[in-house]
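J.: Have a peek at query_19.txt (compact mmCIF, C-alpha atoms).
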# COMPACT_ATOMS: atom_id res chain seq x y z
CA MET A 630 3.02 4.73 26.64
CA ASP A 631 2.61 8.15 25.06
CA ARG A 632 2.72 10.44 28.08
CA ASP A 633 1.26 13.50 26.34
CA LEU A 634 -1.77 11.66 24.96
CA LEU A 635 -2.44 10.00 28.29
CA ARG A 636 -2.18 13.37 30.05
CA GLN A 637 -4.72 14.89 27.63
CA SER A 638 -7.15 12.06 28.32
CA LEU A 639 -6.76 12.42 32.07
CA THR A 640 -7.20 16.18 31.89
CA TYR A 641 -10.54 15.62 30.16
CA HIS A 642 -11.89 12.70 32.21
CA GLY A 643 -10.38 13.56 35.58
CA HIS A 644 -9.95 11.49 38.75
CA SER A 645 -12.47 8.81 37.82
CA LEU A 646 -10.32 7.68 34.86
CA PHE A 647 -7.15 7.91 36.92
CA SER A 648 -8.62 5.59 39.55
CA LEU A 649 -9.58 3.06 36.90
CA LEU A 650 -6.12 3.27 35.31
CA LYS A 651 -4.44 2.47 38.61
CA CYS A 652 -6.60 -0.64 38.92
CA GLU A 653 -6.25 -1.87 35.34
CA GLN A 654 -2.63 -0.89 34.60
CA PHE A 655 -0.99 -1.36 38.00
CA GLU A 656 1.27 -4.13 36.61
CA ASN A 657 2.24 -2.17 33.49
CA PRO A 658 5.87 -1.00 33.94
CA ASP A 659 5.36 1.91 31.49
CA PHE A 660 2.44 3.20 33.54
CA LYS A 661 4.43 2.93 36.77
CA LEU A 662 7.13 5.17 35.31
CA ILE A 663 4.75 8.03 34.53
CA VAL A 664 2.07 7.70 37.19
CA ALA A 665 3.77 10.20 39.53
CA ASN A 666 3.90 12.87 36.81
CA LEU A 667 0.30 12.18 35.80
CA THR A 668 -0.89 12.88 39.33
CA LYS A 669 0.36 16.47 39.01
CA THR A 670 -1.78 17.08 35.93
CA LEU A 671 -5.06 16.28 37.66
CA HIS A 672 -7.19 19.24 38.67
CA PRO A 673 -10.55 19.32 40.44
CA ARG A 674 -13.29 19.70 37.87
CA LYS A 675 -17.01 19.77 37.79
CA GLU A 676 -18.51 16.38 37.04
CA LYS A 677 -20.29 15.99 33.72
CA SER A 678 -24.03 15.67 33.60
CA TYR A 679 -23.93 12.60 31.34
CA GLU A 680 -22.57 9.17 32.04
CA ASN A 681 -19.20 8.25 30.53
CA ALA A 682 -18.28 5.32 32.77
CA SER A 683 -18.22 2.85 29.87
CA VAL A 684 -15.82 5.01 27.88
CA GLU A 685 -13.52 5.43 30.86
CA GLN A 686 -13.54 1.70 31.56
CA PHE A 687 -12.63 1.01 27.94
CA ILE A 688 -9.76 3.53 28.06
CA ALA A 689 -8.45 2.05 31.32
CA ARG A 690 -8.53 -1.54 30.05
CA LYS A 691 -6.94 -0.70 26.69
CA ALA A 692 -4.57 2.06 27.83
CA ASP A 693 -1.43 0.06 27.02
CA LEU A 694 -2.71 -0.31 23.44
CA LEU A 695 -4.44 3.06 22.99
CA PHE A 696 -1.42 5.07 24.11
CA ALA A 697 1.24 2.84 22.57
CA PRO A 698 3.88 4.69 20.48
CA ILE A 699 2.92 2.64 17.39
CA TRP A 700 -0.18 4.81 17.00
CA THR A 701 1.82 8.03 16.96
CA SER A 702 2.04 9.40 13.43
CA SER A 703 5.36 10.86 12.37
CA SER A 704 3.63 13.05 9.82
CA ALA A 705 0.05 14.04 10.57
CA ALA A 706 -0.23 15.73 7.20
CA ASN A 707 -0.16 12.34 5.52
CA ASN A 708 -3.66 11.71 6.82
CA TYR A 709 -4.86 14.23 4.24
CA ILE A 710 -4.32 14.13 0.52
CA ASN A 711 -3.67 17.28 -1.44
CA GLU A 712 -6.23 16.49 -4.07
CA GLU A 713 -9.21 14.15 -3.84
CA THR A 714 -9.04 11.46 -6.48
CA GLU A 715 -12.24 9.51 -7.02
CA ASP A 716 -10.59 6.36 -8.34
CA LEU A 717 -8.35 5.76 -5.29
CA TYR A 718 -11.08 5.02 -2.75
CA ALA A 719 -14.83 5.45 -2.35
CA ILE A 720 -15.67 9.08 -1.52
CA MET A 721 -19.26 9.07 -0.30
CA PRO A 722 -21.87 11.73 0.42
CA PRO A 723 -22.29 12.55 4.13
CA VAL A 724 -23.83 9.59 5.91
CA GLU A 725 -26.62 11.69 7.45
CA GLN A 726 -27.98 12.23 3.93
CA PHE A 727 -29.15 8.60 4.05
CA MET A 728 -30.62 9.00 7.55
CA ASP A 729 -33.59 10.81 8.99
CA VAL A 730 -31.71 13.17 11.32
CA PRO A 731 -33.77 16.12 12.61
CA PHE A 732 -32.80 19.62 11.47
CA ASP A 733 -32.06 20.95 14.95
CA GLU A 734 -29.96 17.94 15.88
CA ARG A 735 -27.82 18.24 12.74
CA ARG A 736 -27.29 21.94 13.46
CA ASP A 737 -26.30 21.25 17.08
CA LEU A 738 -23.89 18.50 15.98
CA PHE A 739 -22.26 20.87 13.50
CA TYR A 740 -21.52 23.48 16.16
CA ARG A 741 -20.36 20.75 18.52
CA ASP A 742 -17.79 19.33 16.10
CA ILE A 743 -16.52 22.41 14.25
CA GLU A 744 -13.05 23.50 15.38
CA ARG A 745 -10.65 26.36 14.75
CA GLY A 746 -8.54 25.62 11.69
CA ASP A 747 -11.27 23.67 9.88
CA VAL A 748 -12.17 24.57 6.30
CA VAL A 749 -15.66 25.66 5.26
CA ILE A 750 -17.10 26.52 1.85
CA GLY A 751 -20.01 28.89 1.31
CA ARG A 752 -21.59 31.56 -0.90
CA VAL A 753 -21.36 35.27 -0.30
CA ASN A 754 -24.87 36.47 0.56
CA SER A 755 -24.08 39.99 1.68
CA ILE A 756 -21.21 42.47 1.53
CA ARG A 757 -20.94 45.13 4.23
CA ASP A 758 -18.29 47.68 5.05
CA PHE A 759 -17.03 45.55 7.92
CA GLY A 760 -16.85 42.24 6.02
CA LEU A 761 -18.51 39.43 4.10
CA PHE A 762 -21.46 37.32 5.21
CA ILE A 763 -21.19 33.78 3.89
CA THR A 764 -23.89 31.08 3.88
CA LEU A 765 -22.14 27.76 4.41
CA VAL A 766 -22.58 25.00 1.84
CA CYS A 767 -20.25 22.26 3.02
CA LEU A 768 -17.02 21.51 4.86
CA GLY A 769 -13.85 21.61 2.81
CA GLY A 770 -11.67 19.28 4.88
CA GLY A 771 -11.95 16.52 7.46
CA LEU A 772 -15.31 14.81 7.92
CA PRO A 773 -17.98 15.56 5.27
CA ARG A 774 -21.18 17.09 6.59
CA ASN A 775 -24.55 17.76 4.98
CA ILE A 776 -25.08 21.40 6.05
CA GLU A 777 -26.37 23.24 2.97
CA ASP A 778 -29.95 23.35 4.26
CA LEU A 779 -28.99 24.37 7.82
CA GLU A 780 -28.83 28.07 6.91
CA ILE A 781 -25.58 28.61 8.83
CA THR A 782 -24.03 32.03 8.23
CA ALA A 783 -20.42 32.97 8.94
CA LEU A 784 -18.80 36.40 9.07
CA CYS A 785 -15.47 37.13 7.38
CA PRO A 786 -14.26 40.48 8.82
CA VAL A 787 -12.57 42.90 6.43
CA ARG A 788 -9.30 42.51 8.34
CA ASP A 789 -9.31 38.79 7.39
CA VAL A 790 -9.77 39.50 3.67
CA PRO A 791 -6.47 39.80 1.77
CA SER A 792 -6.00 42.63 -0.74
CA HIS A 793 -5.92 41.73 -4.45
CA GLY A 794 -3.95 43.77 -6.93
CA ASN A 795 -4.71 47.48 -6.98
CA HIS A 796 -8.00 47.21 -5.09
CA ASP A 797 -7.87 49.67 -2.21
CA ASN A 798 -10.87 48.01 -0.63
CA PRO A 799 -10.32 44.22 -0.47
CA LEU A 800 -14.09 43.64 -0.38
CA SER A 801 -14.51 45.17 -3.85
CA TYR A 802 -12.95 42.03 -5.31
CA TYR A 803 -15.97 39.94 -4.22
CA GLN A 804 -19.57 39.76 -5.41
CA VAL A 805 -22.74 38.27 -3.98
CA GLY A 806 -22.98 34.63 -5.06
CA ASP A 807 -19.22 33.95 -5.15
CA LEU A 808 -18.12 30.58 -3.80
CA ILE A 809 -15.63 31.10 -0.99
CA ARG A 810 -13.30 28.66 0.76
CA ALA A 811 -12.27 29.93 4.20
CA GLY A 812 -10.71 28.80 7.46
CA VAL A 813 -12.59 28.84 10.75
CA LYS A 814 -11.02 31.48 12.98
CA ASP A 815 -13.41 31.53 15.91
CA MET A 816 -16.79 30.17 16.97
CA ASP A 817 -19.45 30.73 19.59
CA ARG A 818 -21.10 27.35 20.04
CA TYR A 819 -23.74 28.62 22.44
CA HIS A 820 -25.02 31.45 20.22
CA GLY A 821 -24.26 29.65 16.95
CA LYS A 822 -21.83 32.20 15.49
CA LEU A 823 -18.80 31.60 13.25
CA THR A 824 -15.95 33.88 12.24
CA VAL A 825 -13.83 32.84 9.25
CA SER A 826 -10.67 34.09 7.59
CA LEU A 827 -9.21 33.99 4.08
CA TYR A 828 -5.63 33.91 5.35
CA SER A 829 -3.91 30.51 5.30
CA SER A 830 -2.58 31.16 8.81
CA SER A 831 -6.09 30.39 10.07
CA LEU A 832 -5.84 26.76 8.91
CA SER A 833 -4.66 23.77 10.90
CA PRO A 834 -1.23 22.43 9.76
CA GLN A 835 -2.64 19.40 7.93
CA LEU A 836 -4.88 21.63 5.79
CA SER A 837 -2.42 24.47 5.18
CA ASN A 838 -1.89 23.42 1.54
CA LEU A 839 -5.47 24.40 0.59
CA LYS A 840 -6.04 27.63 -1.34
CA LEU A 841 -8.45 30.03 0.32
CA GLY A 842 -10.64 32.60 -1.42
CA ILE A 843 -12.88 32.37 -4.47
CA ILE A 844 -13.20 28.90 -6.00
CA SER A 845 -15.13 27.49 -8.96
CA SER A 846 -17.84 24.84 -8.81
CA ASP A 847 -15.33 22.34 -10.22
CA GLU A 848 -13.21 22.79 -7.09
CA MET A 849 -16.01 21.72 -4.76
CA PRO A 850 -15.18 18.58 -2.73
CA VAL A 851 -16.03 15.25 -4.32
CA HIS A 852 -18.30 14.31 -1.42
CA TYR A 853 -20.38 17.45 -2.03
CA ARG A 854 -20.73 16.75 -5.76
CA HIS A 855 -21.84 13.20 -4.93
CA SER A 856 -24.26 14.60 -2.37
CA VAL A 857 -25.89 16.88 -4.95
CA SER A 858 -26.14 14.10 -7.56
CA THR A 859 -27.86 11.69 -5.14
CA ALA A 860 -29.98 14.19 -3.20
CA CYS A 861 -33.14 13.67 -5.28
CA SER A 862 -32.73 9.91 -5.68
CA SER A 863 -33.94 7.08 -3.48
CA HIS A 864 -30.63 5.19 -3.57
CA THR A 865 -29.41 3.59 -0.36
CA PHE A 866 -25.94 4.09 1.05
CA ASP A 867 -24.96 0.59 -0.10
CA SER A 868 -26.15 1.09 -3.69
CA VAL A 869 -24.29 4.41 -3.97
CA LEU A 870 -21.17 2.79 -2.55
CA GLN A 871 -21.35 -0.11 -5.02
CA HIS A 872 -21.48 2.31 -7.97
CA THR A 873 -18.60 4.46 -6.75
CA LEU A 874 -15.51 4.20 -8.96
CA GLY A 875 -13.04 4.04 -6.09
CA PHE A 876 -14.90 1.15 -4.43
CA ALA A 877 -13.81 -1.14 -7.30
CA ASN A 878 -10.15 -0.17 -6.98
CA PRO A 879 -8.23 -3.37 -6.01
CA ALA A 880 -5.60 -1.23 -4.25
CA THR A 881 -8.10 0.58 -2.00
CA VAL A 882 -7.03 -1.19 1.18
CA GLU A 883 -3.33 -0.53 0.54
CA PHE A 884 -4.04 3.14 -0.21
CA LEU A 885 -6.12 3.70 2.93
CA LEU A 886 -3.58 1.86 5.10
CA GLY A 887 -0.88 4.15 3.75
CA LYS A 888 -3.06 7.21 4.31
CA LEU A 889 -3.55 6.20 7.94
CA GLU A 890 0.10 5.12 8.24
CA ILE A 891 -0.84 1.59 9.28
CA GLY A 892 1.51 -1.16 8.09
CA GLU A 893 0.21 -4.45 6.73
CA THR A 894 2.89 -6.48 8.52
CA GLU A 895 2.57 -4.71 11.89
CA PRO A 896 -1.10 -3.69 12.11
CA PRO A 897 -2.06 -2.07 15.42
CA SER A 898 -5.26 -3.47 16.88
CA LEU A 899 -7.24 -2.87 20.05
CA MET A 900 -8.11 -6.58 20.17
CA ARG A 901 -5.40 -8.33 22.12
CA GLY A 902 -5.92 -11.57 20.23
CA LEU A 903 -5.06 -9.78 16.97
CA GLN A 904 -1.79 -8.26 18.12
CA SER A 905 0.79 -8.91 15.41
CA LYS A 906 3.39 -10.13 17.93
CA ASN A 907 1.21 -13.19 18.55
CA PHE A 908 1.51 -14.42 14.96
CA LEU A 909 4.30 -16.13 13.06
CA GLU A 910 5.49 -14.68 9.77
CA ALA A 911 4.02 -17.70 7.99
CA ASP A 912 0.55 -16.82 9.29
CA TYR A 913 0.31 -13.54 7.35
CA GLY A 914 -1.61 -13.25 4.12
CA THR A 915 1.47 -12.59 1.99
CA SER A 916 3.12 -15.83 3.10
CA ILE A 917 -0.08 -17.84 2.68
CA ARG A 918 -0.63 -16.33 -0.78
CA LYS A 919 2.93 -17.25 -1.75
CA ARG A 920 2.37 -20.89 -0.75
CA GLN A 921 -0.94 -20.99 -2.60
CA SER A 922 0.67 -19.57 -5.74
CA ALA A 923 3.50 -22.12 -5.54
CA SER A 924 0.99 -24.97 -5.24
CA TRP A 925 -1.07 -23.70 -8.17
CA ALA A 926 2.04 -23.23 -10.29
CA LEU A 927 3.17 -26.82 -9.60
CA LYS A 928 -0.16 -28.09 -10.91
CA CYS A 929 0.47 -26.23 -14.17
CA VAL A 930 4.01 -27.69 -14.33
CA LYS A 931 2.64 -31.22 -13.92
CA ILE A 932 0.18 -30.67 -16.78
CA GLY A 933 3.01 -29.23 -18.87
CA VAL A 934 5.24 -32.26 -18.23
CA ASP A 935 2.43 -34.54 -19.37
CA HIS A 936 2.12 -32.53 -22.60
CA PHE A 937 5.92 -32.66 -23.00
CA LYS A 938 5.99 -36.44 -22.69
CA SER A 939 3.19 -36.67 -25.26
CA GLY A 940 5.17 -34.54 -27.70
CA CYS A 941 2.80 -31.54 -27.44
CA HIS A 942 5.53 -28.96 -26.96
CA VAL A 943 3.41 -25.86 -27.63
CA GLU A 944 0.86 -26.84 -24.98
CA ALA A 945 3.68 -27.69 -22.58
CA MET A 946 5.27 -24.26 -23.07
CA ASN A 947 1.92 -22.57 -22.43
CA GLU A 948 1.57 -24.38 -19.11
CA TYR A 949 5.12 -23.54 -18.03
CA ASN A 950 4.58 -19.87 -18.87
CA LYS A 951 1.29 -19.90 -16.97
CA ALA A 952 3.05 -21.38 -13.94
CA LEU A 953 5.69 -18.63 -14.03
CA GLU A 954 3.01 -15.94 -14.32
CA ILE A 955 1.51 -17.28 -11.10
CA ASP A 956 4.86 -17.74 -9.34
CA ASP A 957 7.74 -16.09 -11.18
CA ASN A 958 10.36 -17.86 -9.03
CA ASN A 959 8.93 -21.36 -9.27
CA VAL A 960 12.00 -23.58 -9.62
CA GLU A 961 10.23 -26.58 -11.15
CA ALA A 962 8.62 -24.42 -13.84
CA LEU A 963 11.98 -22.83 -14.71
CA VAL A 964 13.69 -26.23 -14.95
CA ALA A 965 10.88 -27.69 -17.04
CA ARG A 966 10.80 -24.71 -19.41
CA GLY A 967 14.58 -24.77 -19.67
CA ALA A 968 14.49 -28.44 -20.66
CA LEU A 969 11.90 -27.66 -23.33
CA TYR A 970 14.00 -24.78 -24.66
CA ALA A 971 17.02 -27.11 -24.82
CA THR A 972 15.00 -29.73 -26.68
CA LYS A 973 13.90 -27.13 -29.23
CA GLY A 974 17.50 -25.92 -29.68
CA SER A 975 17.15 -22.58 -27.85
CA LEU A 976 20.17 -23.26 -25.67
CA THR A 977 20.74 -19.66 -24.53
CA LYS A 978 17.18 -19.41 -23.20
CA ALA A 979 17.54 -22.82 -21.58
CA ILE A 980 20.73 -21.71 -19.81
CA ASP A 981 18.98 -18.56 -18.53
CA ASP A 982 16.13 -20.60 -17.05
CA PHE A 983 18.44 -23.13 -15.42
CA GLU A 984 20.54 -20.34 -13.88
CA LEU A 985 17.44 -18.61 -12.50
CA ALA A 986 16.33 -21.91 -10.99
CA LEU A 987 19.72 -22.38 -9.31
CA GLU A 988 19.62 -18.85 -7.93
CA SER A 989 16.32 -19.63 -6.22
CA CYS A 990 17.36 -23.13 -5.14
CA PRO A 991 21.14 -23.77 -5.30
CA THR A 992 20.66 -27.40 -4.19
CA HIS A 993 18.28 -28.35 -7.01
CA ARG A 994 20.00 -31.39 -8.57
CA ASN A 995 18.22 -31.42 -11.92
CA ALA A 996 18.70 -27.69 -12.47
CA ARG A 997 22.45 -28.10 -11.91
CA LYS A 998 22.63 -31.27 -14.00
CA TYR A 999 20.68 -29.86 -16.96
CA LEU A 1000 22.62 -26.60 -16.83
CA CYS A 1001 25.94 -28.43 -17.05
CA GLN A 1002 24.72 -30.52 -19.98
CA THR A 1003 23.37 -27.48 -21.80
CA LEU A 1004 26.57 -25.47 -21.22
CA VAL A 1005 28.62 -28.27 -22.82
CA GLU A 1006 26.17 -28.53 -25.72
CA ARG A 1007 26.31 -24.77 -26.27
CA GLY A 1008 30.09 -24.87 -26.04
CA GLY A 1009 30.13 -27.40 -28.87
CA GLN A 1010 28.05 -25.06 -31.02
CA LEU A 1011 30.43 -22.19 -30.32
CA GLU A 1012 33.41 -24.35 -31.31
CA GLU A 1013 31.79 -24.95 -34.68
CA GLU A 1014 31.32 -21.18 -34.97
CA GLU A 1015 35.06 -20.74 -34.14
CA LYS A 1016 34.26 -18.86 -30.91
CA LEU A 1017 36.76 -20.80 -28.90
CA VAL A 1018 37.23 -18.38 -26.00
CA THR A 1019 33.51 -18.30 -25.27
CA ALA A 1020 33.29 -22.08 -25.61
CA GLU A 1021 36.16 -22.50 -23.13
CA HIS A 1022 34.36 -20.17 -20.70
CA LEU A 1023 31.21 -22.33 -20.85
CA TYR A 1024 33.17 -25.54 -20.25
CA ARG A 1025 34.88 -23.99 -17.23
CA LYS A 1026 31.52 -22.74 -15.96
CA ALA A 1027 30.12 -26.27 -16.18
CA LEU A 1028 33.10 -27.60 -14.21
CA THR A 1029 32.62 -24.87 -11.60
CA LEU A 1030 29.07 -26.14 -11.09
CA ASP A 1031 30.14 -29.78 -11.02
CA ASP A 1032 33.87 -30.56 -10.93
CA THR A 1033 33.11 -34.26 -11.50
CA PHE A 1034 31.30 -33.63 -14.80
CA GLN A 1035 33.47 -35.76 -17.08
CA GLU A 1036 32.11 -34.58 -20.41
CA ALA A 1037 32.89 -30.92 -19.63
CA ASP A 1038 36.40 -31.88 -18.49
CA GLU A 1039 37.10 -33.89 -21.65
CA ALA A 1040 35.69 -31.15 -23.90
CA LEU A 1041 37.86 -28.52 -22.19
CA LYS A 1042 41.02 -30.60 -22.49
CA LYS A 1043 40.47 -31.33 -26.19
CA LEU A 1044 39.71 -27.68 -26.85
CA GLN A 1045 42.90 -26.60 -25.09
CA GLN A 1046 44.95 -29.14 -27.09
CA HIS A 1047 43.43 -27.91 -30.31
CA ILE A 1048 44.15 -24.26 -29.42
CA GLN A 1049 47.81 -25.18 -28.79
CA VAL A 1050 48.08 -26.97 -32.17
CA ARG A 1051 46.19 -24.34 -34.17
CA PRO A 1052 46.17 -21.09 -32.25
CA TRP A 1053 45.07 -18.78 -35.08
CA SER A 1054 42.93 -20.86 -37.44
CA ILE A 1055 40.14 -23.31 -37.00
CA GLN A 1056 38.91 -25.79 -39.54
CA HIS A 1057 35.48 -27.33 -39.53
CA SER A 1058 37.10 -30.77 -39.45
CA TYR A 1059 38.70 -29.85 -36.12
CA HIS A 1060 35.74 -31.00 -34.02
CA SER A 1061 36.92 -34.56 -33.37
CA ILE A 1062 34.89 -34.99 -30.21
CA GLU A 1063 32.24 -37.59 -30.73
CA LYS A 1064 28.84 -36.14 -29.96
CA GLY A 1065 27.78 -39.42 -28.43
CA GLN A 1066 30.15 -38.74 -25.56
CA PHE A 1067 28.05 -35.78 -24.33
CA PHE A 1068 24.68 -35.37 -22.67
CA SER A 1069 23.12 -33.51 -25.60
CA CYS A 1070 19.70 -31.89 -25.73
CA LYS A 1071 18.34 -35.22 -26.93
CA ASN A 1072 19.68 -36.75 -23.71
CA ILE A 1073 17.83 -34.12 -21.65
CA GLU A 1074 14.58 -34.88 -23.48
CA LYS A 1075 15.08 -38.60 -22.90
CA ILE A 1076 15.72 -38.10 -19.18
CA VAL A 1077 12.67 -35.88 -18.78
CA CYS A 1078 10.39 -38.31 -20.59
CA THR A 1079 11.54 -41.29 -18.53
CA LYS A 1080 12.32 -39.86 -15.07
CA GLY A 1081 10.66 -36.42 -14.92
CA PHE A 1082 12.05 -33.33 -13.21
Rewrite the coordinates I just gave you, this time as structure tokens.
T.:
Amino acid sequence: MDRDLLRQSLTYHGHSLFSLLKCEQFENPDFKLIVANLTKTLHPRKEKSYENASVEQFIARKADLLFAPIWTSSSAANNYINEETEDLYAIMPPVEQFMDVPFDERRDLFYRDIERGDVVIGRVNSIRDFGLFITLVCLGGGLPRNIEDLEITALCPVRDVPSHGNHDNPLSYYQVGDLIRAGVKDMDRYHGKLTVSLYSSSLSPQLSNLKLGIISSDEMPVHYRHSVSTACSSHTFDSVLQHTLGFANPATVEFLLGKLEIGETEPPSLMRGLQSKNFLEADYGTSIRKRQSASWALKCVKIGVDHFKSGCHVEAMNEYNKALEIDDNNVEALVARGALYATKGSLTKAIDDFELALESCPTHRNARKYLCQTLVERGGQLEEEEKLVTAEHLYRKALTLDDTFQEADEALKKLQQHIQVRPWSIQHSYHSIEKGQFFSCKNIEKIVCTKGF
């Protein structure tokens, strides 16, 4: 369990949560190791005026999951992207824009949630000797909020305004109406006052890459631009979501999982029945999808074999290619396509397919058998082209795959005898091996048509 996170929670909730934890987690060995240290962090505190018993009970029951190390991010900055891109995921207007939330309640919620280091964007409404007054328009990082109509004003003291160029007075660089991006330096929640700064040191670490100061309207956050475009319309949240470019991105889930640093194979969950350790590897979507693809590909292979037997080689090739698009390592599709290549005389392509099939399934009998036959057939062609060294290599390769393959052994012996008799010249009449002694491409076609793959 993450000791620091658990200590923070106990500091906030106090003895009531600690009592519940001792009841719910008394058998947890991790909790037993740190319980003594946690006791020291508890301090008497005034009880809250509102009920939070349900929250504390939830924390106590799920403490082993909530405070597990798997939730700890190694790089908090990854939760933020440097530049919002609309086509990666759906960036929506603030949700309260689609709700009837009272003015005063929205204002109170803003002051409740704003923190030091947050980013705000506003327009300069007044310039005084001691600083800039800025009317806030929106938040520039973290959760989007609809605050433009709340008339919230922030002060940027002159000491928090950097100098620009030769301007003796840093405020002379700014004009009323300028759009300003600033960091929250301090706040008074009770009186509703904000102090902001234009120095990057005022930002939280995960937002430190943002540029502070004057910005253009094109640099406004995407959620604000969407908010303006839908403000006068009667569209619902769902209809706006459906028309958002990023919502149609097929990689949205993968992108958001990466942004939150949640793995697809080890997804953390607060539901004990969905803990990844309870599932076999074969139960995950990737494994199921692989089996489904293999099954679909085999159906295409079967249709292709039927076309092959009927002599419709073009249709057969289309089906084999379709099968390999669905499952690029499908052994049966590779063997079937290799046999068709061999039948059409494309022996090199046939050899490539048979070899790929054997790499995926070294025990596949037909892939090995057809490869040996095709290697011998190709070796015969190379002999006719007087490429004896390459032909010898193919014969040896066939024997390596099957040392009992008689045709390859006979072809190799006759080739070696011929090389000894005529080492430097080859005549076309040299090829005395009867072609009927080999399993030629015609033999492969015959086998396929009668016995299948």
J.: For Tyr853 in chain A, which of A:Thr824, A:Thr972, A:Asn775, A:Ser868 is the closest residue, counting all atoms listed in the file?
T.: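 Selected residue with least distance to Tyr853 in chain A: A:Asn775.
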J.: Have a look at A:Ala697, A:Val749, A:Leu870, A:Ile776 and name the one nearest to Lys814 in chain A; count only C-alpha atoms.
T.: A:Val749
J.: Just want the 10 Å neighbourhood of Lys998 in chain A, counted on all atoms listed in the file, with same-chain residues fewer than 4 positions away dropped. Output as a list in words.
T.: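 So, after excluding close chain neighbours, the residues are Phe983, His993, Arg994, Gln1002, Thr1003, Ala1027, Leu1030, Asp1031, Phe1034, Phe1068 and Ile1073 of chain A.
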J.: Could you state the separation of CA of Arg745 in chain A and CA of Asp815 in chain A in Å, given to one decimal place?
T.: 6.0 Å
J.: Just the number, please: distance in Å from CA of Leu987 in chain A to CA of Gly1009 in chain A, one decimal.
T.: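 These atoms are spaced 22.7 Å apart.
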J.: For a quick check of your reading of the model, name the residues lying within 10 Å of the coordinate (19.0, -23.1, -21.6), counting all atoms listed in the file, and write them as a list in words.
T.: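 Those within range, by chain then number, are Leu963, Val964, Arg966, Gly967, Ala968, Leu969, Tyr970, Ala971, Thr972, Gly974, Ser975, Leu976, Thr977, Lys978, Ala979, Ile980, Asp981, Asp982, Phe983, Glu984, Tyr999, Leu1000, Cys1001, Gln1002, Thr1003, Leu1004, Glu1006, Arg1007 and Cys1070 of chain A.
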J.: Work out how far apart CA of Ser863 in chain A and CA of Gln726 in chain A are and give it in Å to one decimal.
T.: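 These atoms are spaced 10.8 Å apart.
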J.: Kindly indicate which residue among A:Lys973, A:Lys661, A:Lys928, A:Arg774 lies nearest to Arg632 in chain A, using all atoms listed in the file for the distances.
T.: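 Among the listed residues, the smallest separation from Arg632 in chain A belongs to A:Lys661.
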J.: Looking at A:Ile743, A:Leu765, A:Val857, A:Leu832, which one is nearest to Pro722 in chain A, with distances taken over only C-alpha atoms?
T.: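 Of all the options, A:Val857 lies closest to Pro722 in chain A.
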J.: (-13.6, 30.3, 7.6) in this file's frame - what residues fall within 9 Å of it? Use only C-alpha atoms and give the answer as an NGL selection string.
T.: :A and (745-750 or 783-785 or 809-815 or 823-827 or 831-832 or 841)
J.: So, counting only C-alpha atoms, which residue among A:Gly842, A:Arg735, A:Tyr913, A:Ala926 is closest to Leu953 in chain A?
T.: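 Nearest candidate to Leu953 in chain A out of A:Gly842, A:Arg735, A:Tyr913, A:Ala926: A:Ala926.
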J.: Taking only C-alpha atoms into account, name the residue in A:Glu948, A:Leu650, A:Met630, A:Glu1039 that is nearest to Val934 in chain A.
T.: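 Checking each of A:Glu948, A:Leu650, A:Met630, A:Glu1039 against Val934 in chain A, counting only C-alpha atoms, the winner is A:Glu948.
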J.: List the spatial neighbours of Phe866 in chain A as a PyMOL selection string - criterion: any atom at most 8 Å away, only C-alpha atoms, same-chain residues fewer than 3 positions off excluded.
T.: chain A and resi 724+727+869-870
J.: The selected residues should be written to file as a compact mmCIF listing (two decimals), keeping the file's coordinate frame (atoms: C-alpha atoms).
T.:
# COMPACT_ATOMS: atom_id res chain seq x y z
CA VAL A 724 -23.83 9.59 5.91
CA PHE A 727 -29.15 8.60 4.05
CA VAL A 869 -24.29 4.41 -3.97
CA LEU A 870 -21.17 2.79 -2.55
J.: Would you mind listing what lies within 12 Å of Ala665 in chain A as a list in words, with all atoms listed in the file counted and same-chain residues fewer than 6 positions away left out?
T.: Arg632, Arg636, Phe647, Lys651, Asp659 and Leu671 of chain A
J.: Extract, using all atoms listed in the file, all DNA, RNA and protein residues at most 10 Å from Glu653 in chain A, discarding same-chain residues fewer than 2 positions from it, and format them as a PyMOL selection string.
T.: chain A and resi 647-651+655-657+686+688-693
